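Trainee: Structure incoming, see below.
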Amino acid sequence: MGGMDTFVEHVIDGDWSGEGRPSDGLLNTVLDLKAATQLSQKLEQRLLLSQVSTQSNIYIYSVWYILDENYLTYSAAVTKAESAQSSIAQLLQGVDELQLMLGDEETGIQTRLDTAIKNEEQICERVQSNSAILQCLTQLSAINRELQDMDRLVQSGELDKAAQKAESIETTVNAMENIEDTHIAAILVERVNLARMNIKENVLREFHKVIAVETNANSANLRVDTSRLKGRISVLFAALDSVKDGENVLKELALYIISAFVKPVLAAQLVTHDDAESPTSEFNVQLSNDSDTTPTDEVCDLVLSIVAFVSRFLGGRVWVDVALTELAQLVLQRCYLQRIPETRTELASFHKTVDALSGFEATLLAQCADPSIERPIQAAVKRLDELFVERQCARALEQSRRAAESTAFAVYKMDTHQEWSLAFVQATVEDPDTKLASSFAQSIKEHPAAVFPQCIISESIVGTVSSAYRLLNESMQCNEPGLAQRLAETAQNVLDVYCVLFPVVHRQQLRKVPALALQFFNDCMYGAHHCTILGQLAAAENNANPNWSAVARKFFDSGIRHVAELAESESRELKSLVGADNGTGFYNASDEQQQDALAKSLKRGRLALTQLCAAMRPPNVTPHMFYRILGRYLDAMFAAIIDGIVGVRDIGVDDSQVLSDHCRAAYGLVSLFHLDPEITCAYSTLTSAALVNSTDEQGDALLDSDDESDESETTAQGVRLAKKHCQMSDKLVQLADILMISRADILARRRAGLLAQYSVNELVSLVRALFSDTHERALDIDELKRI
């Protein structure tokens with residue numbers, strides 16, 4: 001619209017700037033009726049409102065001319081167009097109504113058609129489903145009849161046909177897609193499996209009816225009822241061929257024969273079988289445990305004969321691979337594992353047994369269906385050296401355990417000192433079947449000699465030590481380093497087991513029986529002595545084991561500990577005997593009843609001490625050990641007497657005399673230190689240095705050359721040994737003197753250092769008890785405190 005106004009203004013104002021006349025701009029312009037009318041009206045309005053130039057009038061009239069010239073054409077065309085447009089609009093409206101009407105009808109028809117088609121499909125589906133159900137019911141009915149037929153076949157004994165029927169039923173069930181993965185299919189499969197199980201049980205039951213086994217202590221009989229076999233073997237095997245896991249029935253049957261017949265036969269030491277005397281359908285074996293053992297080759301032949309006998313009547317299929325392997329295991333256990341040699345000599349002759357067993361296994365397992373089946377005898381033969389070593393180690397450990405747990409407490413009395421040398425080791429190790437290894441003998445020759453002093457030890461420790469020497473000797477003859485190390489370690493372990501186990505098992509006896517505790521001390525010293533030697537020998541053979549020294553120390557500590565516990569326990573008992581009821585018996589000692597009580601207490605103490613000395617008198621223990629323990633006992637008794645007298649607050653003149661005599665009588669117990677020179681002379685030249693391979697502690701615990709020196713005078717020997725081993729002996733003698741001397745003498749002796757064993761308080765207590773309360777006594781007491 002804005003463009004038309006501008007065009008009109010240019011035409012009226014006469015300032016047209018375009019090319020040619022303004023009417024030329026309309027020549028090629030196609031205007032509809034409405035646009036032409038508007039242009040004409042615009043021109044008319046501008047002419048009426050404003051004056052125009054002549055040039056403008058020319059333009060305007062030329063425009064009007066063009067408009068007028070085209071108006072008729074435009075008017076006719078527009079009229080026709082409008083008429084056609086109106087007709088078309090009416091036609092389109094009718095078309096729209098018709099289309100709407102037709103669309104609604106088409107939709108209804110389509111919907112009804114779709115519904116009819118869907119109903120038809122549902123009807124077809126129901127027809128198909130009903131047809132499938134009818135077919136499935138028909139098949140299930142047929143299967144039910146088959147199951148009934150199968151049950152009748154089982155009851156009638158036609159097990160082969162029943163097995164085939166079960167296989168056919170299972171195939172049919174698996175082919176029925178309609179019941180696949182349904183509860184019905186699961187029930188039918190379970191029903192078939194139960195039928196198969198019933199068939200297998202019936203087959204096994206019939207086999208058991210055919211075979212009869214009778215065994216007792218003297219014989220074993222395997223009998224086959226041939227009358228039941230006629231025509232049945234083929235039926236039974238056909239049934240097993242048709243059922244799943246039929247081989248398991250044969251396995252059970254074969255294992256039954258092995259368990260009921262073969263095992264009792266092989267359990268007897270002597271087994272004999274005579275084919276000529278046995279009926280055709282019987283296999284008889286005579287058993288005995290009172291005579292020699294049946295040789296390996298005869299045992300192997302017997303087992304092969306049993307296999308052949310069963311195969312003749314029941315067929316070779318009975319002996320499944322598992323059963324044949326079980327037979328090989330049984331023969332291996334009886335003829336190989338239970339007869340592993342214990343000596344090198346036996347090992348050398350054992351190869352005949354190995355050859356017989358290898359041939360037996362090859363013949364037996366040749367019947368196996370699987371040629372690669374495990375061969376237990378062949379595997380065991382390859383481990384012969386290892387089994388030989390394991391047998392030796394296990395036997396040695398078992399013997400050590402039994403020795404430690406034994407309550408026999410058998411005593412081994414040494415006739416003289418035990419000199420360790422090549423001869424001793426040979427006597428310990430060698431027997432008709434065992435020789436000393438050359439390298440072991442050479443090590444012994446190069447090793448310094450040693451001596452263990454004469455004393456009483458147990459047979460169990462002697463056997464345990466001997467076992468350790470044999471094991472170490474075996475280790476030096478073994479070519480396999482690992483097995484040699486195992487033997488050397490076991491040699492150490494057998495001693496360790498004895499050392500640890502014996503005091504635990506016999507704890508109560510060691511506490512109650514002094515002689516047993518002392519014997520165990522000797523055992524420990526003996527074990528420590530030989531542990532040290534064995535460790536040095538093992539080190540010389542490059543089999544050093546640091547545990548040797550640890551076991552030696554364990555033996556030593558255990559022996560010392562138990563002797564100390566014994567001495568402590570007996571010392572308490574002796575103190576209670578001579579202590580006179582915690583010292584009350586030392587009051588009014590001059591009273592006759594008190595004198596009798598003191599005499600009786602000392603007598604009881606002497607009797608108890610004498611009994612203890614009898615249990616440990618050499619050669620039960622070494623003299624040095626005897627003196628040490630006796631010194632402990634006397635110290636306990638003397639200390640009880642000294643403490644009792646020092647504890648008395650008032651000692652009269654008569655009382656002091658009685659108590660002094662009592663002390664001297666008690667001191668007389670040192671005479672128990674005297675030993676028979678014939679016994680001690682054997683130890684007089686033997687010192688701890690003789691135990692070359694023992695530690696200083698071990699040597700000092702057993703020997704002391706000063707203790708075993710020859711003394712012709714009993715009293716002199718007792719006094720000398722009492723001064724060394726009994727710390728309270730001098731103190732007791734000094735107390736006997738103090739009870740009889742004056743205060744001045746007491747002070748003099750104190751100044752001279754003769755009463756050094758007494759504390760100041762003890763001397764003050766004695767002075768106050770012995771002397772009246774005077775100024776001089778007080779001065780003397782002060783002097784004692786200052787000294």
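Residues are referred to by chain and number: the chain letter is A, B, ... according to the order shown in the structure tokens, the number counts from 1 in that chain, and ligands are numbered separately from 1 in the order shown.
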Find the residues around Gly647 of chain A up to 12 Å (only C-alpha atoms counted), leave out those fewer than 4 positions away in its own chain, and share them as a list in words.

Mentor: Gly579, Asn582, Gly583, Thr584, Gly585, Phe586, Tyr587, Ala639, Ala640, Ile641, Ile642, Asp643, Ile651, Asn761, Glu762, Leu763, Val764, Ser765, Leu766, Val767, Arg768, Ala769 and Leu770 of chain A

Trainee: Running DSSP on the backbone, which parts of segment 434-492 of chain A land in alpha helix (DSSP H), as a ChimeraX atom specification?

Mentor: /A:438-446,459-475,481-492

Trainee: Can you tell me which residues surround Leu630 of chain A at a distance of at most 12 Å, considering only C-alpha atoms, apart from same-chain residues fewer than 5 positions away, and format the answer as a short mmCIF file (atom, residue, chain, number, x, y, z; two decimals) with all heavy atoms, in the first residue's frame?

Mentor:
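The new file around_11.cif reads:
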data_model
loop_
_atom_site.label_atom_id
_atom_site.label_comp_id
_atom_site.auth_asym_id
_atom_site.auth_seq_id
_atom_site.Cartn_x
_atom_site.Cartn_y
_atom_site.Cartn_z
N VAL A 563 66.38 -82.58 89.93
CA VAL A 563 67.16 -82.83 91.15
C VAL A 563 66.96 -81.69 92.14
O VAL A 563 66.85 -81.92 93.36
CB VAL A 563 68.66 -83.00 90.79
CG1 VAL A 563 69.52 -82.90 92.04
CG2 VAL A 563 68.87 -84.34 90.13
N LEU A 566 63.66 -82.18 93.75
CA LEU A 566 63.76 -83.28 94.73
C LEU A 566 64.43 -82.79 96.01
O LEU A 566 63.93 -83.05 97.12
CB LEU A 566 64.55 -84.43 94.12
CG LEU A 566 64.94 -85.55 95.08
CD1 LEU A 566 63.70 -86.30 95.57
CD2 LEU A 566 65.92 -86.52 94.42
N ALA A 567 65.56 -82.11 95.87
CA ALA A 567 66.28 -81.63 97.06
C ALA A 567 65.44 -80.64 97.85
O ALA A 567 65.42 -80.69 99.10
CB ALA A 567 67.60 -80.98 96.63
N GLU A 568 64.72 -79.78 97.18
CA GLU A 568 63.87 -78.81 97.88
C GLU A 568 62.75 -79.50 98.63
O GLU A 568 62.45 -79.16 99.79
CB GLU A 568 63.30 -77.83 96.85
CG GLU A 568 62.45 -76.73 97.44
CD GLU A 568 63.24 -75.77 98.28
OE1 GLU A 568 64.46 -75.66 98.06
OE2 GLU A 568 62.65 -75.13 99.19
N GLU A 570 62.56 -82.71 99.71
CA GLU A 570 63.06 -83.53 100.81
C GLU A 570 63.65 -82.66 101.93
O GLU A 570 63.57 -83.00 103.10
CB GLU A 570 64.11 -84.51 100.30
CG GLU A 570 63.58 -85.53 99.31
CD GLU A 570 62.48 -86.41 99.89
OE1 GLU A 570 62.47 -86.61 101.13
OE2 GLU A 570 61.62 -86.87 99.13
N SER A 571 64.20 -81.52 101.55
CA SER A 571 64.75 -80.62 102.57
C SER A 571 63.64 -80.08 103.47
O SER A 571 63.81 -79.96 104.70
CB SER A 571 65.50 -79.46 101.91
OG SER A 571 66.64 -79.93 101.22
N LEU A 574 62.79 -82.85 105.92
CA LEU A 574 63.81 -83.03 106.97
C LEU A 574 63.76 -81.89 107.98
O LEU A 574 63.94 -82.12 109.19
CB LEU A 574 65.19 -83.11 106.32
CG LEU A 574 65.47 -84.37 105.48
CD1 LEU A 574 66.77 -84.23 104.72
CD2 LEU A 574 65.49 -85.61 106.37
N ARG A 606 67.68 -88.51 111.33
CA ARG A 606 68.79 -89.38 110.89
C ARG A 606 68.26 -90.55 110.07
O ARG A 606 68.85 -90.91 109.05
CB ARG A 606 69.54 -89.89 112.11
CG ARG A 606 70.70 -90.84 111.76
CD ARG A 606 71.32 -91.42 113.02
NE ARG A 606 72.05 -90.40 113.74
CZ ARG A 606 73.32 -90.09 113.48
NH1 ARG A 606 73.98 -90.72 112.53
NH2 ARG A 606 73.92 -89.16 114.20
N ALA A 608 65.45 -90.73 108.26
CA ALA A 608 65.01 -90.27 106.95
C ALA A 608 66.19 -89.95 106.05
O ALA A 608 66.19 -90.31 104.85
CB ALA A 608 64.12 -89.04 107.11
N LEU A 609 67.21 -89.32 106.63
CA LEU A 609 68.37 -88.97 105.82
C LEU A 609 69.14 -90.21 105.39
O LEU A 609 69.65 -90.29 104.27
CB LEU A 609 69.28 -88.03 106.62
CG LEU A 609 70.50 -87.48 105.88
CD1 LEU A 609 70.07 -86.71 104.64
CD2 LEU A 609 71.34 -86.60 106.80
N THR A 610 69.21 -91.20 106.27
CA THR A 610 69.91 -92.44 105.93
C THR A 610 69.20 -93.15 104.77
O THR A 610 69.85 -93.71 103.88
CB THR A 610 69.97 -93.36 107.15
OG1 THR A 610 70.64 -92.70 108.23
CG2 THR A 610 70.71 -94.65 106.83
N GLN A 611 67.87 -93.13 104.79
CA GLN A 611 67.12 -93.76 103.70
C GLN A 611 67.34 -93.02 102.38
O GLN A 611 67.47 -93.65 101.32
CB GLN A 611 65.63 -93.78 104.05
CG GLN A 611 65.29 -94.72 105.19
CD GLN A 611 63.83 -94.63 105.60
OE1 GLN A 611 63.14 -93.68 105.24
NE2 GLN A 611 63.36 -95.60 106.37
N LEU A 612 67.40 -91.72 102.45
CA LEU A 612 67.67 -90.96 101.24
C LEU A 612 69.07 -91.25 100.72
O LEU A 612 69.28 -91.36 99.50
CB LEU A 612 67.52 -89.46 101.51
CG LEU A 612 66.09 -88.97 101.74
CD1 LEU A 612 66.10 -87.50 102.18
CD2 LEU A 612 65.26 -89.11 100.47
N CYS A 613 70.02 -91.39 101.62
CA CYS A 613 71.40 -91.69 101.21
C CYS A 613 71.50 -93.07 100.57
O CYS A 613 72.25 -93.27 99.62
CB CYS A 613 72.34 -91.60 102.41
SG CYS A 613 72.60 -89.92 103.01
N ALA A 614 70.70 -94.01 101.10
CA ALA A 614 70.74 -95.35 100.52
C ALA A 614 70.25 -95.34 99.08
O ALA A 614 70.76 -96.10 98.23
CB ALA A 614 69.89 -96.29 101.37
N ALA A 615 69.26 -94.47 98.77
CA ALA A 615 68.72 -94.41 97.42
C ALA A 615 69.69 -93.77 96.43
O ALA A 615 69.61 -94.04 95.23
CB ALA A 615 67.41 -93.63 97.42
N MET A 616 70.61 -92.94 96.96
CA MET A 616 71.50 -92.24 96.03
C MET A 616 72.96 -92.58 96.23
O MET A 616 73.85 -91.92 95.69
CB MET A 616 71.31 -90.72 96.20
CG MET A 616 71.66 -90.19 97.57
SD MET A 616 71.33 -88.41 97.65
CE MET A 616 71.92 -88.05 99.32
N ARG A 617 73.21 -93.61 97.01
CA ARG A 617 74.61 -93.98 97.27
C ARG A 617 75.25 -94.53 96.00
O ARG A 617 74.65 -95.32 95.27
CB ARG A 617 74.67 -95.02 98.39
CG ARG A 617 76.07 -95.31 98.92
CD ARG A 617 76.01 -96.26 100.12
NE ARG A 617 75.25 -95.67 101.21
CZ ARG A 617 75.74 -94.80 102.10
NH1 ARG A 617 77.01 -94.41 102.00
NH2 ARG A 617 74.99 -94.34 103.07
N VAL A 621 74.41 -92.94 91.87
CA VAL A 621 74.82 -91.67 91.27
C VAL A 621 76.32 -91.56 91.48
O VAL A 621 76.93 -92.34 92.21
CB VAL A 621 74.09 -90.47 91.92
CG1 VAL A 621 72.59 -90.55 91.68
CG2 VAL A 621 74.39 -90.37 93.40
N PRO A 623 79.78 -90.09 93.08
CA PRO A 623 80.05 -89.57 94.43
C PRO A 623 79.86 -88.06 94.52
O PRO A 623 79.34 -87.57 95.52
CB PRO A 623 81.52 -89.97 94.65
CG PRO A 623 81.71 -91.18 93.81
CD PRO A 623 80.88 -90.95 92.60
N HIS A 624 80.29 -87.37 93.51
CA HIS A 624 80.15 -85.91 93.55
C HIS A 624 78.68 -85.51 93.67
O HIS A 624 78.33 -84.60 94.45
CB HIS A 624 80.75 -85.31 92.28
CG HIS A 624 80.57 -83.83 92.16
ND1 HIS A 624 81.07 -82.95 93.08
CD2 HIS A 624 79.92 -83.07 91.23
CE1 HIS A 624 80.75 -81.71 92.74
NE2 HIS A 624 80.05 -81.76 91.61
N MET A 625 77.81 -86.17 92.92
CA MET A 625 76.39 -85.85 93.00
C MET A 625 75.83 -86.25 94.36
O MET A 625 74.99 -85.55 94.93
CB MET A 625 75.64 -86.60 91.88
CG MET A 625 74.25 -86.06 91.61
SD MET A 625 74.34 -84.35 91.05
CE MET A 625 72.66 -83.84 91.36
N ASP A 635 72.28 -79.17 105.21
CA ASP A 635 72.09 -77.73 105.38
C ASP A 635 70.68 -77.42 105.90
O ASP A 635 70.48 -76.57 106.77
CB ASP A 635 72.32 -77.00 104.07
CG ASP A 635 73.79 -76.69 103.83
OD1 ASP A 635 74.56 -76.66 104.81
OD2 ASP A 635 74.16 -76.47 102.66
N ALA A 636 69.69 -78.11 105.33
CA ALA A 636 68.31 -77.89 105.75
C ALA A 636 68.12 -78.30 107.20
O ALA A 636 67.48 -77.57 107.99
CB ALA A 636 67.36 -78.67 104.84
N MET A 637 68.67 -79.45 107.62
CA MET A 637 68.53 -79.92 109.00
C MET A 637 69.27 -79.01 109.97
O MET A 637 68.72 -78.61 111.02
CB MET A 637 69.03 -81.35 109.10
CG MET A 637 68.25 -82.35 108.26
SD MET A 637 68.93 -84.02 108.32
CE MET A 637 68.57 -84.48 110.01
N LEU A 669 76.01 -86.27 111.89
CA LEU A 669 75.43 -86.76 110.63
C LEU A 669 76.38 -86.58 109.45
O LEU A 669 76.17 -87.18 108.40
CB LEU A 669 74.12 -86.03 110.33
CG LEU A 669 72.96 -86.31 111.29
CD1 LEU A 669 71.77 -85.41 110.97
CD2 LEU A 669 72.54 -87.78 111.21
N VAL A 670 77.43 -85.76 109.64
CA VAL A 670 78.37 -85.57 108.52
C VAL A 670 79.12 -86.86 108.21
O VAL A 670 79.76 -86.97 107.16
CB VAL A 670 79.35 -84.43 108.82
CG1 VAL A 670 78.61 -83.11 109.00
CG2 VAL A 670 80.22 -84.75 110.03
N SER A 671 79.03 -87.83 109.13
CA SER A 671 79.70 -89.11 108.86
C SER A 671 79.07 -89.82 107.66
O SER A 671 79.67 -90.72 107.08
CB SER A 671 79.60 -90.01 110.10
OG SER A 671 78.24 -90.29 110.41
N LEU A 672 77.85 -89.41 107.30
CA LEU A 672 77.20 -90.01 106.14
C LEU A 672 77.94 -89.68 104.84
O LEU A 672 77.71 -90.30 103.82
CB LEU A 672 75.75 -89.54 106.04
CG LEU A 672 74.82 -90.02 107.17
CD1 LEU A 672 73.46 -89.36 107.04
CD2 LEU A 672 74.68 -91.54 107.14
N PHE A 673 78.81 -88.67 104.90
CA PHE A 673 79.61 -88.35 103.72
C PHE A 673 80.61 -89.45 103.39
O PHE A 673 81.12 -89.51 102.28
CB PHE A 673 80.36 -87.04 103.92
CG PHE A 673 79.54 -85.80 103.65
CD1 PHE A 673 79.07 -85.03 104.69
CD2 PHE A 673 79.21 -85.44 102.37
CE1 PHE A 673 78.32 -83.90 104.45
CE2 PHE A 673 78.46 -84.32 102.11
CZ PHE A 673 78.00 -83.54 103.16
N HIS A 674 80.89 -90.29 104.37
CA HIS A 674 81.89 -91.33 104.13
C HIS A 674 81.32 -92.41 103.23
O HIS A 674 80.22 -92.92 103.42
CB HIS A 674 82.32 -91.96 105.45
CG HIS A 674 83.26 -93.11 105.27
ND1 HIS A 674 84.56 -92.96 104.83
CD2 HIS A 674 83.08 -94.46 105.44
CE1 HIS A 674 85.15 -94.13 104.75
NE2 HIS A 674 84.26 -95.06 105.12
N GLY A 718 84.63 -87.11 106.34
CA GLY A 718 83.33 -86.48 106.58
C GLY A 718 83.47 -85.01 106.87
O GLY A 718 82.69 -84.19 106.36
N LEU A 721 84.50 -83.08 103.57
CA LEU A 721 83.40 -82.96 102.62
C LEU A 721 82.27 -82.10 103.17
O LEU A 721 81.59 -81.40 102.41
CB LEU A 721 82.88 -84.35 102.26
CG LEU A 721 83.87 -85.23 101.47
CD1 LEU A 721 83.32 -86.64 101.33
CD2 LEU A 721 84.15 -84.63 100.09
N ALA A 722 82.09 -82.15 104.50
CA ALA A 722 81.05 -81.31 105.10
C ALA A 722 81.40 -79.84 104.94
O ALA A 722 80.53 -79.01 104.65
CB ALA A 722 80.87 -81.66 106.57
N LYS A 724 82.97 -78.55 102.56
CA LYS A 724 82.85 -78.17 101.15
C LYS A 724 81.40 -78.11 100.69
O LYS A 724 81.01 -77.18 99.97
CB LYS A 724 83.62 -79.17 100.29
CG LYS A 724 83.56 -78.84 98.80
CD LYS A 724 84.42 -79.81 98.01
CE LYS A 724 84.37 -79.47 96.50
NZ LYS A 724 85.20 -80.40 95.71
N HIS A 725 80.61 -79.06 101.11
CA HIS A 725 79.26 -79.18 100.56
C HIS A 725 78.16 -78.76 101.52
O HIS A 725 77.01 -78.63 101.10
CB HIS A 725 79.00 -80.63 100.12
CG HIS A 725 79.89 -81.09 99.01
ND1 HIS A 725 79.71 -80.70 97.71
CD2 HIS A 725 80.97 -81.93 99.01
CE1 HIS A 725 80.63 -81.26 96.93
NE2 HIS A 725 81.41 -82.02 97.70
N CYS A 726 78.49 -78.62 102.81
CA CYS A 726 77.48 -78.27 103.81
C CYS A 726 77.85 -76.93 104.44
O CYS A 726 78.75 -76.86 105.28
CB CYS A 726 77.37 -79.37 104.87
SG CYS A 726 76.08 -79.07 106.08
N GLN A 727 77.19 -75.89 104.03
CA GLN A 727 77.53 -74.55 104.50
C GLN A 727 77.22 -74.36 105.98
O GLN A 727 77.83 -73.52 106.65
CB GLN A 727 76.75 -73.51 103.68
CG GLN A 727 77.08 -73.54 102.20
CD GLN A 727 76.22 -72.57 101.42
OE1 GLN A 727 75.40 -71.87 101.98
NE2 GLN A 727 76.43 -72.53 100.10
#

Trainee: If you measure from atom CA of Glu446 of chain A to atom CA of Val429 of chain A, what distance in Å do you get, rounded to one decimal?

Mentor: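 Calculated distance between atom CA of Glu446 of chain A and atom CA of Val429 of chain A is 18.1 Å.
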
Trainee: Quick one: everything within 10 Å of Leu236 of chain A, counting only C-alpha atoms, minus sequence neighbours fewer than 3 positions away in the same chain. Send it as a PyMOL selection string.

Mentor: chain A and resi 157-160+199-200+202-204+206-207+229+231-233+239-241

Trainee: Could you write out the selected residues, including all heavy atoms, as a short mmCIF file (atom, residue, chain, number, x, y, z; two decimals), in the first residue's frame?

Mentor:
data_model
loop_
_atom_site.label_atom_id
_atom_site.label_comp_id
_atom_site.auth_asym_id
_atom_site.auth_seq_id
_atom_site.Cartn_x
_atom_site.Cartn_y
_atom_site.Cartn_z
N GLY A 157 10.72 -110.72 36.20
CA GLY A 157 12.13 -111.07 36.09
C GLY A 157 12.74 -110.81 34.75
O GLY A 157 13.93 -111.12 34.53
N GLU A 158 11.96 -110.28 33.83
CA GLU A 158 12.51 -109.95 32.51
C GLU A 158 13.19 -108.58 32.59
O GLU A 158 12.72 -107.58 32.03
CB GLU A 158 11.40 -109.96 31.47
CG GLU A 158 10.72 -111.31 31.31
CD GLU A 158 9.60 -111.28 30.30
OE1 GLU A 158 9.91 -111.22 29.09
OE2 GLU A 158 8.43 -111.28 30.72
N LEU A 159 14.29 -108.54 33.29
CA LEU A 159 14.94 -107.27 33.61
C LEU A 159 15.55 -106.62 32.37
O LEU A 159 15.61 -105.38 32.29
CB LEU A 159 16.03 -107.51 34.66
CG LEU A 159 15.53 -108.10 35.99
CD1 LEU A 159 16.71 -108.34 36.93
CD2 LEU A 159 14.52 -107.16 36.64
N ASP A 160 16.00 -107.43 31.43
CA ASP A 160 16.58 -106.83 30.23
C ASP A 160 15.52 -106.09 29.42
O ASP A 160 15.75 -104.97 28.94
CB ASP A 160 17.25 -107.90 29.37
CG ASP A 160 16.30 -109.06 29.07
OD1 ASP A 160 15.28 -109.20 29.79
OD2 ASP A 160 16.59 -109.83 28.13
N ILE A 199 15.50 -101.84 38.85
CA ILE A 199 16.09 -102.87 37.98
C ILE A 199 17.50 -103.21 38.46
O ILE A 199 17.88 -104.38 38.57
CB ILE A 199 16.10 -102.39 36.52
CG1 ILE A 199 14.67 -102.29 35.99
CG2 ILE A 199 16.94 -103.32 35.65
CD1 ILE A 199 14.57 -101.61 34.63
N LYS A 200 18.29 -102.17 38.77
CA LYS A 200 19.67 -102.41 39.22
C LYS A 200 19.69 -103.15 40.56
O LYS A 200 20.52 -104.05 40.77
CB LYS A 200 20.42 -101.08 39.33
CG LYS A 200 20.72 -100.46 37.98
CD LYS A 200 21.64 -99.26 38.10
CE LYS A 200 20.94 -98.08 38.68
NZ LYS A 200 21.79 -96.85 38.66
N ASN A 202 17.43 -105.22 41.61
CA ASN A 202 17.04 -106.61 41.33
C ASN A 202 18.20 -107.38 40.70
O ASN A 202 18.41 -108.56 41.02
CB ASN A 202 15.82 -106.64 40.40
CG ASN A 202 14.51 -106.44 41.14
OD1 ASN A 202 13.90 -107.37 41.62
ND2 ASN A 202 14.10 -105.18 41.23
N VAL A 203 18.95 -106.73 39.82
CA VAL A 203 20.11 -107.40 39.22
C VAL A 203 21.13 -107.73 40.32
O VAL A 203 21.65 -108.86 40.37
CB VAL A 203 20.75 -106.49 38.15
CG1 VAL A 203 22.09 -107.07 37.70
CG2 VAL A 203 19.82 -106.34 36.97
N LEU A 204 21.42 -106.76 41.17
CA LEU A 204 22.39 -107.00 42.24
C LEU A 204 21.89 -108.07 43.21
O LEU A 204 22.68 -108.92 43.66
CB LEU A 204 22.65 -105.68 42.99
CG LEU A 204 23.75 -105.72 44.06
CD1 LEU A 204 25.09 -106.08 43.42
CD2 LEU A 204 23.85 -104.37 44.77
N GLU A 206 19.97 -110.58 42.47
CA GLU A 206 20.13 -111.89 41.84
C GLU A 206 21.58 -112.35 41.85
O GLU A 206 21.87 -113.54 42.02
CB GLU A 206 19.59 -111.85 40.40
CG GLU A 206 18.07 -111.74 40.32
CD GLU A 206 17.54 -112.29 39.00
OE1 GLU A 206 18.21 -113.18 38.43
OE2 GLU A 206 16.48 -111.83 38.56
N PHE A 207 22.51 -111.41 41.66
CA PHE A 207 23.92 -111.77 41.74
C PHE A 207 24.27 -112.27 43.14
O PHE A 207 25.04 -113.24 43.30
CB PHE A 207 24.80 -110.56 41.39
CG PHE A 207 25.05 -110.41 39.93
CD1 PHE A 207 24.78 -109.21 39.27
CD2 PHE A 207 25.57 -111.46 39.18
CE1 PHE A 207 25.01 -109.05 37.92
CE2 PHE A 207 25.82 -111.31 37.82
CZ PHE A 207 25.53 -110.11 37.18
N LEU A 229 22.32 -119.74 37.63
CA LEU A 229 23.00 -119.01 36.57
C LEU A 229 22.47 -119.31 35.17
O LEU A 229 22.67 -118.53 34.25
CB LEU A 229 24.50 -119.31 36.60
CG LEU A 229 25.33 -118.59 37.66
CD1 LEU A 229 26.77 -119.05 37.60
CD2 LEU A 229 25.26 -117.09 37.47
N GLY A 231 20.88 -119.34 31.97
CA GLY A 231 20.05 -118.43 31.22
C GLY A 231 19.87 -117.06 31.85
O GLY A 231 19.14 -116.22 31.28
N ARG A 232 20.45 -116.83 32.98
CA ARG A 232 20.22 -115.56 33.66
C ARG A 232 21.37 -114.57 33.47
O ARG A 232 21.15 -113.35 33.53
CB ARG A 232 20.03 -115.79 35.16
CG ARG A 232 18.78 -116.53 35.51
CD ARG A 232 17.54 -115.79 35.04
NE ARG A 232 17.39 -114.49 35.69
CZ ARG A 232 16.54 -113.55 35.32
NH1 ARG A 232 15.78 -113.74 34.24
NH2 ARG A 232 16.45 -112.40 35.95
N ILE A 233 22.58 -115.04 33.28
CA ILE A 233 23.72 -114.13 33.18
C ILE A 233 23.53 -113.16 32.01
O ILE A 233 23.75 -111.95 32.13
CB ILE A 233 25.03 -114.93 33.02
CG1 ILE A 233 25.38 -115.62 34.34
CG2 ILE A 233 26.17 -114.01 32.59
CD1 ILE A 233 25.72 -114.66 35.46
N ALA A 239 20.41 -106.27 30.93
CA ALA A 239 19.71 -105.24 31.71
C ALA A 239 20.68 -104.13 32.12
O ALA A 239 20.34 -102.94 32.04
CB ALA A 239 19.06 -105.86 32.94
N LEU A 240 21.86 -104.49 32.55
CA LEU A 240 22.84 -103.49 32.96
C LEU A 240 23.31 -102.65 31.78
O LEU A 240 23.61 -101.46 31.93
CB LEU A 240 24.04 -104.17 33.62
CG LEU A 240 23.76 -104.86 34.96
CD1 LEU A 240 25.03 -105.52 35.49
CD2 LEU A 240 23.22 -103.88 35.98
N ASP A 241 23.35 -103.27 30.61
CA ASP A 241 23.76 -102.52 29.42
C ASP A 241 22.72 -101.48 29.04
O ASP A 241 23.05 -100.45 28.42
CB ASP A 241 24.00 -103.46 28.24
CG ASP A 241 25.24 -104.32 28.45
OD1 ASP A 241 26.13 -103.89 29.22
OD2 ASP A 241 25.31 -105.41 27.84
#

Trainee: Within 10 Å of Val243 of chain A, counting only C-alpha atoms, which residues show up once you throw out same-chain ones fewer than 2 positions away? Write them as a PyMOL selection string, please.

Mentor: chain A and resi 160+162-167+193+195-197+199-200+238-241+245-247

Trainee: Hey, which of A:Val578, A:Cys499, A:Ala468, A:Ala756 ends up closest to Arg553 of chain A? Count only C-alpha atoms.

Mentor: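 Among A:Val578, A:Cys499, A:Ala468, A:Ala756, it is A:Cys499 that comes nearest to Arg553 of chain A.
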
Trainee: Just give me the gap between atom CA of Arg486 of chain A and atom CA of Phe424 of chain A in Å, one decimal is fine.

Mentor: 24.5 Å

Trainee: Determine, counting only C-alpha atoms, which protein, DNA and RNA residues have an atom within 10 Å of an atom of Phe520 of chain A; residues of the same chain fewer than 2 positions away are not included. Present the result as a ChimeraX atom specification.

Mentor: /A:409,456-458,461,499,502-503,510,514-518,522-526,555,558-560,562-563
